[in-house]
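Colleague: Have a look at this one before I ask anything.
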Amino acid sequence: MIKDIQSEIMRLKKELDFLLLVHCYQSHDILEVADFVGDSFGLAQKAAKSGAKNIMMCGVRFMAETVKILCPEKRVYLPEPDAGCPMADQLSPEDLRALKEEYPDYTAVCYINTTAKLKTLCDVCVTSSSAVQIIGRIDNDRILFIPDCNLGDYVSKKLPGKTFKFIKGGCPNHARMTLAEAERAKEKHPGALMLVHPECRPEVVDLADYAGSTTGIMDFARDSECSEFIIGTENSIISHLSIDYPEKRFYPLSKDCICQNMKLTTISSVLNTLLSAGGMAAPYGEEILLDEETRLGAKRCIDRMLELG
């Protein structure tokens, strides 16, 4: 049954001129029909280079917005409109304006995991893999970093010459993982390397053998000579790595690191969105629309990242 759905998706993609972007946290049956799999910003860049007229982002809303920011001429679809990101929604534009008034001499830096509206109010955007490099190249030594204080802490330790201000925000799934869980995992698997995302708590990151983006974690596991790994990010990565590298063993740092928003998208969501876009079924999914003022304001923030990176 799944193979039949996948075959129909592949047919419709070609017929309707769709590019299918799939974030690493999606289920493996969706990864199998993807044109590109990866982290959010890398996928948006793939979309910008594509000649496809239609883009589907299998991820969450801010990711689809980022695609639209970079691809205004393309139609961009999110299969499940309720798939949001708690971190992206933790701060409102009014909250950020107040923070900027409180810290007027600070350069406002936003994590890519923010809404398009928030990006319009920031000076530069960063990804988890580029944050240290980008912020290190900002002339100002005073940084207002939003929204993830755990990623901010990780960056601040790499750049001790700069002064940082944070909010108490971040990814609830990564922040849920505790030092006690990390210590138990290392005790249970003493030969395993611990690979974590810098959205984890500082004490968890400090215990890790490697901290990096989702694709960074996957690349490290692929290239390492070690055969056992404790994975401190969304647990779907364990499934993907186990399928790609069956000769290696992968263990969860915590059984509770599961993104329910990512899990909203299913293989049927993808098919139904394609059928809807082609006028062959009832409406499904959502086309992402941004007014030009918001799009250009957010793009300025992203362009600055690319200039510095």
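Please note that chains go A, B, ... in the order of the structure tokens, that every chain numbers its residues from 1, and that ligands are numbered from 1 in the order shown.
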Which polymer residues have any atom within 9 Å of an atom of Lys162 of chain A, counting only C-alpha atoms, with same-chain residues fewer than 3 positions away left out, as a ChimeraX atom specification?
Modeller: /A:136,140-143,156,159
Colleague: Counting only C-alpha atoms, what is within 7 Å of segment 231-240 of chain A, bar same-chain residues fewer than 4 positions away, as a list of chain:residue names?
Modeller: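 Counting only C-alpha atoms, the residues come to A:Cys24, A:Tyr25, A:Ser27, A:His28, A:His174, A:Met194, A:Leu195, A:Val196, A:His197, A:Asp244, A:Phe250, A:Tyr251, A:Pro252, A:Leu253, A:Cys257, A:Ile258, A:Cys259.
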Colleague: Would you export the selected residues with C-alpha atoms as a PDB file, in the first residue's frame, please?
Modeller:
```
ATOM      1  CA  CYS A  24      15.424  15.082   8.225  1.00  0.00           C
ATOM      2  CA  TYR A  25      12.851  14.704  11.015  1.00  0.00           C
ATOM      3  CA  SER A  27       9.418   9.595   8.504  1.00  0.00           C
ATOM      4  CA  HIS A  28      11.445   7.357   6.226  1.00  0.00           C
ATOM      5  CA  HIS A 174      15.771  19.290  22.813  1.00  0.00           C
ATOM      6  CA  MET A 194      27.386  11.033  22.129  1.00  0.00           C
ATOM      7  CA  LEU A 195      26.242  13.330  19.305  1.00  0.00           C
ATOM      8  CA  VAL A 196      23.873  16.154  20.238  1.00  0.00           C
ATOM      9  CA  HIS A 197      22.239  19.236  18.775  1.00  0.00           C
ATOM     10  CA  ASP A 244      21.537   3.903   6.095  1.00  0.00           C
ATOM     11  CA  PHE A 250      22.375   4.046  17.343  1.00  0.00           C
ATOM     12  CA  TYR A 251      20.761   4.730  20.709  1.00  0.00           C
ATOM     13  CA  PRO A 252      18.448   7.560  21.828  1.00  0.00           C
ATOM     14  CA  LEU A 253      19.719   9.931  24.487  1.00  0.00           C
ATOM     15  CA  CYS A 257      12.758  13.665  22.007  1.00  0.00           C
ATOM     16  CA  ILE A 258       9.939  13.487  19.469  1.00  0.00           C
ATOM     17  CA  CYS A 259       8.640  16.477  17.498  1.00  0.00           C
TER      18      CYS A 259
END
```
Colleague: Report the residues of segment 6-219 of chain A whose backbone DSSP state falls under alpha helix (DSSP H), written as number ranges by chain.
Modeller: A: 6-16, 28-31, 40-49, 61-70, 93-102, 116-119, 131-136, 149-158, 172-175, 179-188, 202-207, 214-219
Colleague: If we count only C-alpha atoms, what is near segment 42-45 of chain A at a cut-off of 8 Å, once residues fewer than 5 positions away on the same chain are taken out, given as a list in words?
Modeller: Leu21, Val22, His23, Phe36, Val37, Met63, Thr66, Val67 and Leu70 of chain A
Colleague: Let's have the selection written as an mmCIF file, in the first residue's frame, with N, CA and C atoms.
Modeller:
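So the final result, stored in result32.cif, reads:
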```
data_model
loop_
_atom_site.group_PDB
_atom_site.id
_atom_site.type_symbol
_atom_site.label_atom_id
_atom_site.label_comp_id
_atom_site.auth_asym_id
_atom_site.auth_seq_id
_atom_site.Cartn_x
_atom_site.Cartn_y
_atom_site.Cartn_z
ATOM 1 N N LEU A 21 10.690 18.801 -0.959
ATOM 2 C CA LEU A 21 11.732 19.024 0.038
ATOM 3 C C LEU A 21 11.320 18.360 1.342
ATOM 4 N N VAL A 22 12.207 17.584 1.939
ATOM 5 C CA VAL A 22 11.848 16.822 3.135
ATOM 6 C C VAL A 22 12.890 17.049 4.228
ATOM 7 N N HIS A 23 12.429 17.559 5.362
ATOM 8 C CA HIS A 23 13.335 17.747 6.487
ATOM 9 C C HIS A 23 13.706 16.400 7.092
ATOM 10 N N PHE A 36 15.024 16.272 -2.268
ATOM 11 C CA PHE A 36 16.142 16.638 -1.400
ATOM 12 C C PHE A 36 15.741 16.427 0.051
ATOM 13 N N VAL A 37 16.690 15.946 0.855
ATOM 14 C CA VAL A 37 16.505 15.761 2.297
ATOM 15 C C VAL A 37 17.590 16.558 2.998
ATOM 16 N N MET A 63 9.841 26.804 7.924
ATOM 17 C CA MET A 63 10.645 26.269 6.829
ATOM 18 C C MET A 63 10.006 26.586 5.479
ATOM 19 N N THR A 66 10.536 30.178 4.719
ATOM 20 C CA THR A 66 11.891 30.452 4.228
ATOM 21 C C THR A 66 12.006 30.136 2.745
ATOM 22 N N VAL A 67 11.370 29.056 2.306
ATOM 23 C CA VAL A 67 11.357 28.729 0.880
ATOM 24 C C VAL A 67 10.694 29.849 0.093
ATOM 25 N N LEU A 70 12.857 32.958 -0.381
ATOM 26 C CA LEU A 70 13.890 32.813 -1.407
ATOM 27 C C LEU A 70 13.321 32.541 -2.798
#
```
Colleague: Kindly indicate which residue among A:Asp35, A:Asp153, A:Glu307, A:Glu65 lies nearest to Thr294 of chain A, using only C-alpha atoms for the distances.
Modeller: A:Glu65
Colleague: Write out as a list in words the residues lying within 10 Å of Arg137 of chain A, counting only C-alpha atoms and excluding same-chain residues fewer than 6 positions away.
Modeller: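 Answer for this query is Ala131, Met305, Leu308 and Gly309 of chain A.
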Colleague: Mind checking DSSP for segment 128-214 of chain A and telling me the strand (DSSP E or B) residues as a ChimeraX atom specification?
Modeller: /A:142-146,148,163-166,169,193-196,210-211
Colleague: Using only C-alpha atoms, find the one residue out of A:Gly84, A:Pro147, A:Pro283, A:Gly216 that sits nearest to Gly38 of chain A.
Modeller: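 So, comparing all the options, the nearest one is A:Gly216.
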